[in-house]
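Raw structure27.pdb, PDB, C-alpha atoms, pLDDT in the B column:
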ATOM      1  CA  MET A 289       0.000   0.000   0.000  1.00 51.00           C
ATOM      2  CA  ARG A 290       2.843   2.330   0.891  1.00 53.00           C
ATOM      3  CA  LYS A 291       4.499   1.716  -2.487  1.00 51.00           C
ATOM      4  CA  VAL A 292       1.216   2.390  -4.282  1.00 43.00           C
ATOM      5  CA  LEU A 293       0.768   5.682  -2.419  1.00 46.00           C
ATOM      6  CA  LEU A 294       4.347   6.717  -3.184  1.00 45.00           C
ATOM      7  CA  SER A 295       3.835   5.903  -6.872  1.00 46.00           C
ATOM      8  CA  LEU A 296       0.639   7.923  -7.007  1.00 43.00           C
ATOM      9  CA  LEU A 297       2.332  10.826  -5.242  1.00 45.00           C
ATOM     10  CA  LEU A 298       5.246  10.705  -7.681  1.00 46.00           C
ATOM     11  CA  CYS A 299       2.905  10.661 -10.697  1.00 45.00           C
ATOM     12  CA  TYR A 300       0.963  13.594  -9.304  1.00 45.00           C
ATOM     13  CA  SER A 301       4.168  15.530  -8.620  1.00 42.00           C
ATOM     14  CA  LEU A 302       5.467  14.924 -12.155  1.00 42.00           C
ATOM     15  CA  SER A 303       2.145  15.983 -13.654  1.00 41.00           C
ATOM     16  CA  TRP A 304       2.141  19.135 -11.530  1.00 39.00           C
ATOM     17  CA  VAL A 305       5.713  19.993 -12.555  1.00 38.00           C
ATOM     18  CA  GLN A 306       4.881  19.422 -16.245  1.00 45.00           C
ATOM     19  CA  ALA A 307       1.787  21.613 -15.954  1.00 43.00           C
ATOM     20  CA  GLN A 308       3.768  24.366 -14.253  1.00 44.00           C
ATOM     21  CA  THR A 309       6.547  24.126 -16.846  1.00 51.00           C
ATOM     22  CA  THR A 310       4.044  24.359 -19.722  1.00 54.00           C
ATOM     23  CA  HIS A 311       2.316  27.291 -18.030  1.00 60.00           C
ATOM     24  CA  GLU A 312       5.621  29.147 -17.726  1.00 71.00           C
ATOM     25  CA  ARG A 313       6.229  28.805 -21.470  1.00 89.00           C
ATOM     26  CA  PHE A 314       3.097  30.821 -22.247  1.00 97.00           C
ATOM     27  CA  ILE A 315       3.096  34.308 -20.772  1.00 98.00           C
ATOM     28  CA  VAL A 316       0.727  37.224 -21.430  1.00 98.00           C
ATOM     29  CA  GLU A 317       2.073  40.662 -20.587  1.00 98.00           C
ATOM     30  CA  PRO A 318       1.430  44.352 -21.364  1.00 98.00           C
ATOM     31  CA  ILE A 319       3.346  45.980 -24.205  1.00 98.00           C
ATOM     32  CA  SER A 320       6.614  47.076 -22.619  1.00 98.00           C
ATOM     33  CA  ASP A 321       8.591  50.111 -23.740  1.00 98.00           C
ATOM     34  CA  ALA A 322      11.127  47.820 -25.415  1.00 98.00           C
ATOM     35  CA  VAL A 323       8.435  45.983 -27.392  1.00 98.00           C
ATOM     36  CA  PHE A 324       6.681  49.234 -28.280  1.00 98.00           C
ATOM     37  CA  GLN A 325       9.913  50.571 -29.762  1.00 98.00           C
ATOM     38  CA  ARG A 326       9.961  47.514 -32.046  1.00 98.00           C
ATOM     39  CA  ILE A 327       6.432  48.071 -33.376  1.00 98.00           C
ATOM     40  CA  ASN A 328       5.869  51.834 -33.230  1.00 98.00           C
ATOM     41  CA  GLY A 329       5.644  53.283 -36.722  1.00 97.00           C
ATOM     42  CA  LYS A 330       5.445  49.777 -38.210  1.00 97.00           C
ATOM     43  CA  SER A 331       2.580  47.499 -37.152  1.00 98.00           C
ATOM     44  CA  PHE A 332       1.442  50.147 -34.667  1.00 98.00           C
ATOM     45  CA  LYS A 333       0.507  53.592 -35.950  1.00 95.00           C
ATOM     46  CA  GLU A 334      -1.158  56.486 -34.157  1.00 93.00           C
ATOM     47  CA  ASN A 335      -4.879  56.018 -34.719  1.00 94.00           C
ATOM     48  CA  PRO A 336      -8.308  56.600 -33.130  1.00 92.00           C
ATOM     49  CA  THR A 337      -9.186  52.905 -32.950  1.00 92.00           C
ATOM     50  CA  ILE A 338      -6.657  50.982 -30.904  1.00 96.00           C
ATOM     51  CA  ARG A 339      -4.348  52.050 -28.103  1.00 97.00           C
ATOM     52  CA  ARG A 340      -1.149  50.487 -26.856  1.00 98.00           C
ATOM     53  CA  SER A 341      -2.926  49.679 -23.595  1.00 98.00           C
ATOM     54  CA  ASP A 342      -5.521  47.650 -25.560  1.00 98.00           C
ATOM     55  CA  LEU A 343      -2.825  45.217 -26.689  1.00 98.00           C
ATOM     56  CA  ARG A 344      -0.975  42.348 -25.055  1.00 98.00           C
ATOM     57  CA  LEU A 345       2.154  40.368 -25.915  1.00 98.00           C
ATOM     58  CA  LEU A 346       1.947  36.585 -25.760  1.00 98.00           C
ATOM     59  CA  ARG A 347       5.306  34.837 -25.432  1.00 98.00           C
ATOM     60  CA  LEU A 348       5.024  31.171 -26.326  1.00 98.00           C
ATOM     61  CA  GLN A 349       6.707  28.045 -27.609  1.00 98.00           C
ATOM     62  CA  HIS A 350       5.699  25.978 -30.618  1.00 98.00           C
ATOM     63  CA  TYR A 351       6.872  23.093 -32.779  1.00 98.00           C
ATOM     64  CA  ASP A 352       8.116  24.046 -36.221  1.00 98.00           C
ATOM     65  CA  GLY A 353       7.844  21.933 -39.364  1.00 96.00           C
ATOM     66  CA  GLU A 354      10.818  19.804 -38.325  1.00 96.00           C
ATOM     67  CA  GLY A 355       9.396  19.151 -34.874  1.00 97.00           C
ATOM     68  CA  ILE A 356      11.880  21.514 -33.197  1.00 98.00           C
ATOM     69  CA  VAL A 357      10.654  23.664 -30.305  1.00 98.00           C
ATOM     70  CA  ARG A 358      10.838  27.364 -31.168  1.00 98.00           C
ATOM     71  CA  GLU A 359      10.134  30.589 -29.299  1.00 98.00           C
ATOM     72  CA  GLY A 360       7.326  32.765 -30.635  1.00 98.00           C
ATOM     73  CA  GLU A 361       5.681  36.133 -30.020  1.00 98.00           C
ATOM     74  CA  ILE A 362       2.172  37.344 -30.769  1.00 98.00           C
ATOM     75  CA  ILE A 363       0.684  40.782 -30.182  1.00 98.00           C
ATOM     76  CA  CYS A 364      -3.097  40.668 -29.858  1.00 98.00           C
ATOM     77  CA  ASN A 365      -6.053  42.505 -28.371  1.00 98.00           C
ATOM     78  CA  LYS A 366      -6.242  42.008 -24.607  1.00 98.00           C
ATOM     79  CA  SER A 367      -9.797  40.668 -25.020  1.00 98.00           C
ATOM     80  CA  ILE A 368      -8.543  37.524 -26.802  1.00 98.00           C
ATOM     81  CA  ALA A 369      -5.174  37.133 -25.058  1.00 98.00           C
ATOM     82  CA  GLN A 370      -6.390  34.369 -22.739  1.00 98.00           C
ATOM     83  CA  ASP A 371      -8.074  32.561 -25.645  1.00 98.00           C
ATOM     84  CA  LEU A 372      -4.854  32.553 -27.635  1.00 98.00           C
ATOM     85  CA  LYS A 373      -2.818  31.464 -24.618  1.00 98.00           C
ATOM     86  CA  GLU A 374      -5.073  28.459 -24.041  1.00 98.00           C
ATOM     87  CA  ILE A 375      -5.204  27.563 -27.745  1.00 98.00           C
ATOM     88  CA  PHE A 376      -1.442  27.697 -28.230  1.00 98.00           C
ATOM     89  CA  GLU A 377      -0.824  25.793 -25.005  1.00 98.00           C
ATOM     90  CA  GLU A 378      -2.964  22.954 -26.349  1.00 98.00           C
ATOM     91  CA  LEU A 379      -1.361  23.124 -29.793  1.00 98.00           C
ATOM     92  CA  PHE A 380       2.012  22.816 -28.092  1.00 98.00           C
ATOM     93  CA  ARG A 381       0.889  19.867 -25.978  1.00 98.00           C
ATOM     94  CA  GLN A 382      -0.324  18.129 -29.125  1.00 98.00           C
ATOM     95  CA  LYS A 383       2.921  19.009 -30.995  1.00 98.00           C
ATOM     96  CA  TYR A 384       0.992  20.830 -33.715  1.00 98.00           C
ATOM     97  CA  ARG A 385       3.347  22.203 -36.374  1.00 98.00           C
ATOM     98  CA  ILE A 386       3.557  25.959 -36.986  1.00 98.00           C
ATOM     99  CA  GLU A 387       6.539  27.014 -39.060  1.00 98.00           C
ATOM    100  CA  ARG A 388       7.194  30.372 -37.403  1.00 98.00           C
ATOM    101  CA  ILE A 389       5.469  32.851 -35.078  1.00 98.00           C
ATOM    102  CA  ARG A 390       7.076  36.280 -35.220  1.00 98.00           C
ATOM    103  CA  LEU A 391       5.877  39.843 -35.023  1.00 98.00           C
ATOM    104  CA  ILE A 392       5.026  41.138 -38.494  1.00 98.00           C
ATOM    105  CA  ASP A 393       7.416  44.010 -37.798  1.00 98.00           C
ATOM    106  CA  GLU A 394      10.262  41.601 -38.599  1.00 98.00           C
ATOM    107  CA  TYR A 395       8.886  41.635 -42.150  1.00 98.00           C
ATOM    108  CA  GLY A 396       8.562  45.402 -42.387  1.00 97.00           C
ATOM    109  CA  ALA A 397       4.922  45.138 -41.221  1.00 97.00           C
ATOM    110  CA  ASP A 398       4.157  43.966 -44.765  1.00 97.00           C
ATOM    111  CA  ASP A 399       1.407  41.350 -44.923  1.00 96.00           C
ATOM    112  CA  GLU A 400       2.458  39.797 -48.234  1.00 97.00           C
ATOM    113  CA  THR A 401       6.090  39.389 -47.157  1.00 98.00           C
ATOM    114  CA  SER A 402       5.034  37.837 -43.841  1.00 98.00           C
ATOM    115  CA  MET A 403       2.640  35.427 -45.552  1.00 98.00           C
ATOM    116  CA  ARG A 404       5.250  34.302 -48.081  1.00 98.00           C
ATOM    117  CA  ALA A 405       7.499  33.422 -45.149  1.00 98.00           C
ATOM    118  CA  ASN A 406       4.641  31.319 -43.729  1.00 98.00           C
ATOM    119  CA  ASN A 407       4.672  33.485 -40.629  1.00 98.00           C
ATOM    120  CA  THR A 408       1.832  33.271 -38.125  1.00 98.00           C
ATOM    121  CA  TYR A 409       0.849  36.665 -36.689  1.00 98.00           C
ATOM    122  CA  CYS A 410      -2.055  38.622 -35.242  1.00 98.00           C
ATOM    123  CA  PHE A 411      -1.804  42.418 -34.825  1.00 98.00           C
ATOM    124  CA  CYS A 412      -1.042  44.903 -37.590  1.00 98.00           C
ATOM    125  CA  TYR A 413      -2.805  48.232 -37.992  1.00 97.00           C
ATOM    126  CA  ARG A 414      -3.796  48.001 -41.648  1.00 93.00           C
ATOM    127  CA  LYS A 415      -6.756  47.994 -44.004  1.00 83.00           C
ATOM    128  CA  VAL A 416      -8.244  44.981 -45.756  1.00 80.00           C
ATOM    129  CA  ALA A 417      -6.315  44.496 -48.990  1.00 71.00           C
ATOM    130  CA  GLY A 418      -8.002  46.387 -51.825  1.00 69.00           C
ATOM    131  CA  SER A 419     -10.406  48.351 -49.612  1.00 71.00           C
ATOM    132  CA  ASN A 420     -10.644  51.266 -47.180  1.00 79.00           C
ATOM    133  CA  LYS A 421     -12.055  49.082 -44.414  1.00 86.00           C
ATOM    134  CA  LEU A 422      -9.907  48.368 -41.388  1.00 93.00           C
ATOM    135  CA  SER A 423      -8.911  44.739 -41.025  1.00 94.00           C
ATOM    136  CA  LYS A 424      -9.667  42.833 -37.826  1.00 96.00           C
ATOM    137  CA  HIS A 425      -5.879  42.578 -37.582  1.00 97.00           C
ATOM    138  CA  ALA A 426      -5.887  46.341 -36.945  1.00 97.00           C
ATOM    139  CA  GLN A 427      -7.678  45.659 -33.658  1.00 97.00           C
ATOM    140  CA  GLY A 428      -5.615  42.593 -32.828  1.00 98.00           C
ATOM    141  CA  LEU A 429      -8.737  40.435 -33.119  1.00 98.00           C
ATOM    142  CA  ALA A 430      -7.622  38.240 -36.038  1.00 98.00           C
ATOM    143  CA  ILE A 431      -4.794  35.775 -36.485  1.00 98.00           C
ATOM    144  CA  ASP A 432      -3.355  34.096 -39.585  1.00 98.00           C
ATOM    145  CA  ILE A 433      -1.957  30.583 -39.127  1.00 98.00           C
ATOM    146  CA  ASN A 434       0.618  29.084 -41.519  1.00 98.00           C
ATOM    147  CA  PRO A 435      -0.584  31.497 -44.240  1.00 98.00           C
ATOM    148  CA  LEU A 436       1.534  30.252 -47.160  1.00 98.00           C
ATOM    149  CA  TYR A 437      -0.184  26.867 -47.030  1.00 98.00           C
ATOM    150  CA  ASN A 438      -3.589  28.330 -46.185  1.00 98.00           C
ATOM    151  CA  PRO A 439      -3.990  31.237 -48.600  1.00 98.00           C
ATOM    152  CA  CYS A 440      -6.735  33.774 -49.048  1.00 97.00           C
ATOM    153  CA  VAL A 441      -8.517  33.123 -52.363  1.00 97.00           C
ATOM    154  CA  LYS A 442     -10.968  35.502 -53.998  1.00 92.00           C
ATOM    155  CA  THR A 443     -12.574  35.317 -57.443  1.00 85.00           C
ATOM    156  CA  GLY A 444     -13.622  38.667 -58.908  1.00 78.00           C
ATOM    157  CA  LYS A 445     -16.706  39.395 -60.998  1.00 77.00           C
ATOM    158  CA  ASP A 446     -14.523  39.193 -64.080  1.00 78.00           C
ATOM    159  CA  GLY A 447     -13.502  35.665 -63.132  1.00 76.00           C
ATOM    160  CA  ARG A 448      -9.964  36.656 -62.219  1.00 87.00           C
ATOM    161  CA  ARG A 449      -8.669  34.868 -59.151  1.00 90.00           C
ATOM    162  CA  ILE A 450      -6.590  36.677 -56.547  1.00 93.00           C
ATOM    163  CA  VAL A 451      -4.398  34.584 -54.243  1.00 97.00           C
ATOM    164  CA  GLN A 452      -2.681  35.946 -51.144  1.00 97.00           C
ATOM    165  CA  PRO A 453       0.171  35.383 -50.773  1.00 98.00           C
ATOM    166  CA  ALA A 454       0.772  35.392 -54.508  1.00 97.00           C
ATOM    167  CA  THR A 455       3.203  32.456 -54.165  1.00 98.00           C
ATOM    168  CA  ALA A 456       0.554  30.117 -52.710  1.00 98.00           C
ATOM    169  CA  GLY A 457      -1.239  29.080 -55.902  1.00 96.00           C
ATOM    170  CA  LYS A 458      -0.497  25.372 -55.535  1.00 96.00           C
ATOM    171  CA  TYR A 459      -2.158  25.326 -52.112  1.00 98.00           C
ATOM    172  CA  THR A 460      -5.519  26.637 -53.303  1.00 97.00           C
ATOM    173  CA  ASN A 461      -6.714  23.098 -54.133  1.00 96.00           C
ATOM    174  CA  ARG A 462      -8.045  22.105 -50.730  1.00 96.00           C
ATOM    175  CA  LYS A 463      -8.759  18.531 -51.833  1.00 96.00           C
ATOM    176  CA  LYS A 464      -5.034  17.825 -51.834  1.00 96.00           C
ATOM    177  CA  THR A 465      -3.053  16.754 -48.787  1.00 96.00           C
ATOM    178  CA  PHE A 466      -0.007  18.787 -47.761  1.00 96.00           C
ATOM    179  CA  PRO A 467       1.723  19.994 -44.560  1.00 95.00           C
ATOM    180  CA  TYR A 468       0.177  22.752 -42.426  1.00 97.00           C
ATOM    181  CA  LYS A 469      -3.204  22.450 -44.150  1.00 98.00           C
ATOM    182  CA  ILE A 470      -6.167  23.771 -42.129  1.00 98.00           C
ATOM    183  CA  ASP A 471      -9.591  22.235 -42.678  1.00 98.00           C
ATOM    184  CA  ARG A 472     -12.565  21.311 -40.509  1.00 97.00           C
ATOM    185  CA  ASN A 473     -10.824  18.168 -39.243  1.00 96.00           C
ATOM    186  CA  ASP A 474      -7.744  20.087 -38.153  1.00 98.00           C
ATOM    187  CA  LEU A 475      -6.917  20.542 -34.452  1.00 98.00           C
ATOM    188  CA  CYS A 476      -6.207  24.246 -34.936  1.00 98.00           C
ATOM    189  CA  TYR A 477      -9.634  24.763 -36.525  1.00 98.00           C
ATOM    190  CA  ARG A 478     -11.409  22.866 -33.738  1.00 98.00           C
ATOM    191  CA  LEU A 479      -9.687  24.809 -30.956  1.00 98.00           C
ATOM    192  CA  PHE A 480     -10.389  28.237 -32.441  1.00 98.00           C
ATOM    193  CA  ILE A 481     -14.045  27.370 -33.070  1.00 98.00           C
ATOM    194  CA  GLN A 482     -14.371  26.098 -29.488  1.00 98.00           C
ATOM    195  CA  HIS A 483     -13.117  29.477 -28.295  1.00 98.00           C
ATOM    196  CA  GLY A 484     -15.729  31.359 -30.315  1.00 98.00           C
ATOM    197  CA  PHE A 485     -13.669  32.424 -33.327  1.00 98.00           C
ATOM    198  CA  THR A 486     -14.920  32.334 -36.907  1.00 98.00           C
ATOM    199  CA  TRP A 487     -12.866  30.815 -39.720  1.00 98.00           C
ATOM    200  CA  GLY A 488     -12.229  32.542 -43.045  1.00 98.00           C
ATOM    201  CA  GLY A 489     -12.446  29.166 -44.768  1.00 98.00           C
ATOM    202  CA  ASN A 490     -16.192  29.201 -44.088  1.00 97.00           C
ATOM    203  CA  TRP A 491     -16.787  32.556 -45.782  1.00 96.00           C
ATOM    204  CA  ARG A 492     -18.779  32.767 -49.025  1.00 90.00           C
ATOM    205  CA  SER A 493     -17.446  35.873 -50.763  1.00 86.00           C
ATOM    206  CA  LEU A 494     -13.882  34.630 -50.441  1.00 94.00           C
ATOM    207  CA  LYS A 495     -11.981  31.830 -48.741  1.00 97.00           C
ATOM    208  CA  ASP A 496      -9.344  32.877 -46.233  1.00 98.00           C
ATOM    209  CA  TYR A 497      -8.062  29.533 -44.986  1.00 98.00           C
ATOM    210  CA  GLN A 498      -5.366  31.010 -42.735  1.00 98.00           C
ATOM    211  CA  HIS A 499      -7.655  33.429 -40.920  1.00 98.00           C
ATOM    212  CA  PHE A 500      -9.474  33.223 -37.569  1.00 98.00           C
ATOM    213  CA  GLU A 501     -11.162  36.224 -35.972  1.00 98.00           C
ATOM    214  CA  LYS A 502     -13.367  37.146 -33.022  1.00 97.00           C
TER
END
Do you think you could lay out the structure here as structure tokens?
Amino acid sequence: MRKVLLSLLLCYSLSWVQAQTTHERFIVEPISDAVFQRINGKSFKENPTIRRSDLRLLRLQHYDGEGIVREGEIICNKSIAQDLKEIFEELFRQKYRIERIRLIDEYGADDETSMRANNTYCFCYRKVAGSNKLSKHAQGLAIDINPLYNPCVKTGKDGRRIVQPATAGKYTNRKKTFPYKIDRNDLCYRLFIQHGFTWGGNWRSLKDYQHFEK
């Protein structure tokens, strides 16, 4: 009986340590002066819509395409910070592959450049491509996951198809199987839907397979 109790205690202790270790890998914090210097004038611009205090930085770990643990950073709206923390914690536990998670400022705050690099990001004060409407990214309420392999596809009235990023044409056929693909059977899709996000892959006017918003 004593051995059984000791074994149970050891298992519990290991589980607690693992939980604490995982928790420490995922940290939500206000935008520090150092971080603000990195984004000011790039992804963050003076505007009447979103303030620095409305944003949070999520520091996290993730598995890249080779299964190597990498450090990542996401800036998001404080209203979804806990959602993203819980989602990315579970993705990490399940060893879900995300090629890279860096602030879009490392790509000159340029959406196309970031997407071509298959970079996952959330906040960037910008308009929807081809319109004067602010993107949900401008409020930090949208995130794009593995965007090169999950492009945004829109067919115009003239029949011309626009693919973003422009280098992602071969990934527009969603019947094919390839790495990083998001569909309704995907863990990433299921977690975001469970947390109340909508998926751009379900839209009618266009298909934005990389995009989740709240």
> Could you write out as number ranges by chain the residues that the PyMOL selection byres ((chain A and resi 450) around 12) matches in the shown file?
Replying inline: A: 417-418, 439-449, 451-457, 460, 494-496
Set up a box along x, y and z of the file covering all listed atoms of range 370-389 of chain A, add 3 Å on every one of the six sides, and write the centre and edge lengths in Å to one decimal, as AutoDock Vina command-line options.
--center_x -0.4 --center_y 26.2 --center_z -30.9 --size_x 21.3 --size_y 22.2 --size_z 22.3
>> Quick one: residues within 9 Å of Lys330 in chain A, all atoms listed in the file, excluding same-chain residues fewer than 5 positions away - as a PyMOL selection string?
In response: chain A and resi 392-393+396-398+412-413
> Between A:Lys424, A:Lys415, A:Lys502, A:Arg347, which one has atoms that come closest to Glu312 in chain A, using all atoms listed in the file?
Replying inline: A:Arg347
> How would you write, as a ChimeraX atom specification, the residues chosen by the PyMOL selection byres ((chain A and resi 363) around 9) on this structure?
Replying inline: /A:319,343-347,361-362,364-366,369,391,409-412,428
> Residues at most 10 Å from Asn434 in chain A, counting only C-alpha atoms, excluding those fewer than 3 positions away in the same chain, as a ChimeraX atom specification?
Replying inline: /A:385-389,403-409,431,437-439,467-470,497-499
> In Å, how far is it from CA of Phe480 in chain A to CA of Ser423 in chain A?
Replying inline: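 We find that CA of Phe480 in chain A and CA of Ser423 in chain A lie 18.7 Å from each other.
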Write out all heavy atoms for range 479-489 of chain A, as a short mmCIF file (atom, residue, chain, number, x, y, z; two decimals), keeping the file's coordinate frame.
data_model
loop_
_atom_site.label_atom_id
_atom_site.label_comp_id
_atom_site.auth_asym_id
_atom_site.auth_seq_id
_atom_site.Cartn_x
_atom_site.Cartn_y
_atom_site.Cartn_z
N LEU A 479 -9.96 24.01 -32.15
CA LEU A 479 -9.69 24.81 -30.96
C LEU A 479 -10.18 26.25 -31.09
O LEU A 479 -10.79 26.79 -30.16
CB LEU A 479 -8.18 24.81 -30.66
CG LEU A 479 -7.61 23.47 -30.17
CD1 LEU A 479 -6.09 23.56 -30.06
CD2 LEU A 479 -8.22 23.08 -28.83
N PHE A 480 -9.94 26.86 -32.25
CA PHE A 480 -10.39 28.24 -32.44
C PHE A 480 -11.92 28.32 -32.44
O PHE A 480 -12.49 29.25 -31.86
CB PHE A 480 -9.82 28.82 -33.73
CG PHE A 480 -8.45 29.44 -33.56
CD1 PHE A 480 -7.31 28.73 -33.86
CD2 PHE A 480 -8.33 30.73 -33.06
CE1 PHE A 480 -6.05 29.29 -33.68
CE2 PHE A 480 -7.07 31.30 -32.87
CZ PHE A 480 -5.92 30.57 -33.19
N ILE A 481 -12.58 27.37 -33.07
CA ILE A 481 -14.04 27.37 -33.07
C ILE A 481 -14.59 27.19 -31.65
O ILE A 481 -15.55 27.86 -31.24
CB ILE A 481 -14.58 26.27 -34.01
CG1 ILE A 481 -14.18 26.55 -35.46
CG2 ILE A 481 -16.11 26.17 -33.90
CD1 ILE A 481 -14.61 27.89 -36.01
N GLN A 482 -13.95 26.31 -30.87
CA GLN A 482 -14.37 26.10 -29.49
C GLN A 482 -14.25 27.37 -28.66
O GLN A 482 -15.01 27.59 -27.71
CB GLN A 482 -13.52 24.98 -28.85
CG GLN A 482 -13.85 23.60 -29.35
CD GLN A 482 -12.82 22.56 -28.91
OE1 GLN A 482 -11.98 22.82 -28.05
NE2 GLN A 482 -12.87 21.37 -29.50
N HIS A 483 -13.32 28.23 -29.02
CA HIS A 483 -13.12 29.48 -28.30
C HIS A 483 -13.91 30.64 -28.90
O HIS A 483 -13.70 31.80 -28.53
CB HIS A 483 -11.63 29.83 -28.25
CG HIS A 483 -10.87 29.06 -27.20
ND1 HIS A 483 -10.55 29.58 -25.97
CD2 HIS A 483 -10.38 27.79 -27.21
CE1 HIS A 483 -9.90 28.69 -25.25
NE2 HIS A 483 -9.76 27.60 -25.98
N GLY A 484 -14.82 30.34 -29.81
CA GLY A 484 -15.73 31.36 -30.32
C GLY A 484 -15.24 32.17 -31.49
O GLY A 484 -15.84 33.19 -31.83
N PHE A 485 -14.17 31.73 -32.14
CA PHE A 485 -13.67 32.42 -33.33
C PHE A 485 -14.42 31.94 -34.57
O PHE A 485 -14.99 30.84 -34.58
CB PHE A 485 -12.17 32.14 -33.53
CG PHE A 485 -11.27 32.84 -32.55
CD1 PHE A 485 -11.15 32.38 -31.24
CD2 PHE A 485 -10.53 33.96 -32.94
CE1 PHE A 485 -10.30 33.02 -30.33
CE2 PHE A 485 -9.70 34.59 -32.04
CZ PHE A 485 -9.59 34.12 -30.74
N THR A 486 -14.40 32.76 -35.61
CA THR A 486 -14.92 32.33 -36.91
C THR A 486 -13.73 32.09 -37.83
O THR A 486 -12.66 32.70 -37.67
CB THR A 486 -15.85 33.39 -37.53
OG1 THR A 486 -15.15 34.63 -37.67
CG2 THR A 486 -17.08 33.61 -36.65
N TRP A 487 -13.94 31.22 -38.81
CA TRP A 487 -12.87 30.82 -39.72
C TRP A 487 -13.12 31.37 -41.11
O TRP A 487 -14.22 31.23 -41.65
CB TRP A 487 -12.79 29.30 -39.77
CG TRP A 487 -11.72 28.74 -40.66
CD1 TRP A 487 -10.42 29.15 -40.75
CD2 TRP A 487 -11.87 27.65 -41.58
NE1 TRP A 487 -9.74 28.38 -41.67
CE2 TRP A 487 -10.61 27.45 -42.20
CE3 TRP A 487 -12.93 26.83 -41.95
CZ2 TRP A 487 -10.38 26.47 -43.16
CZ3 TRP A 487 -12.71 25.83 -42.90
CH2 TRP A 487 -11.45 25.67 -43.49
N GLY A 488 -12.10 31.99 -41.70
CA GLY A 488 -12.23 32.54 -43.04
C GLY A 488 -12.48 31.49 -44.11
O GLY A 488 -12.98 31.81 -45.19
N GLY A 489 -12.18 30.24 -43.81
CA GLY A 489 -12.45 29.17 -44.77
C GLY A 489 -13.92 28.87 -44.92
O GLY A 489 -14.33 28.17 -45.86
#
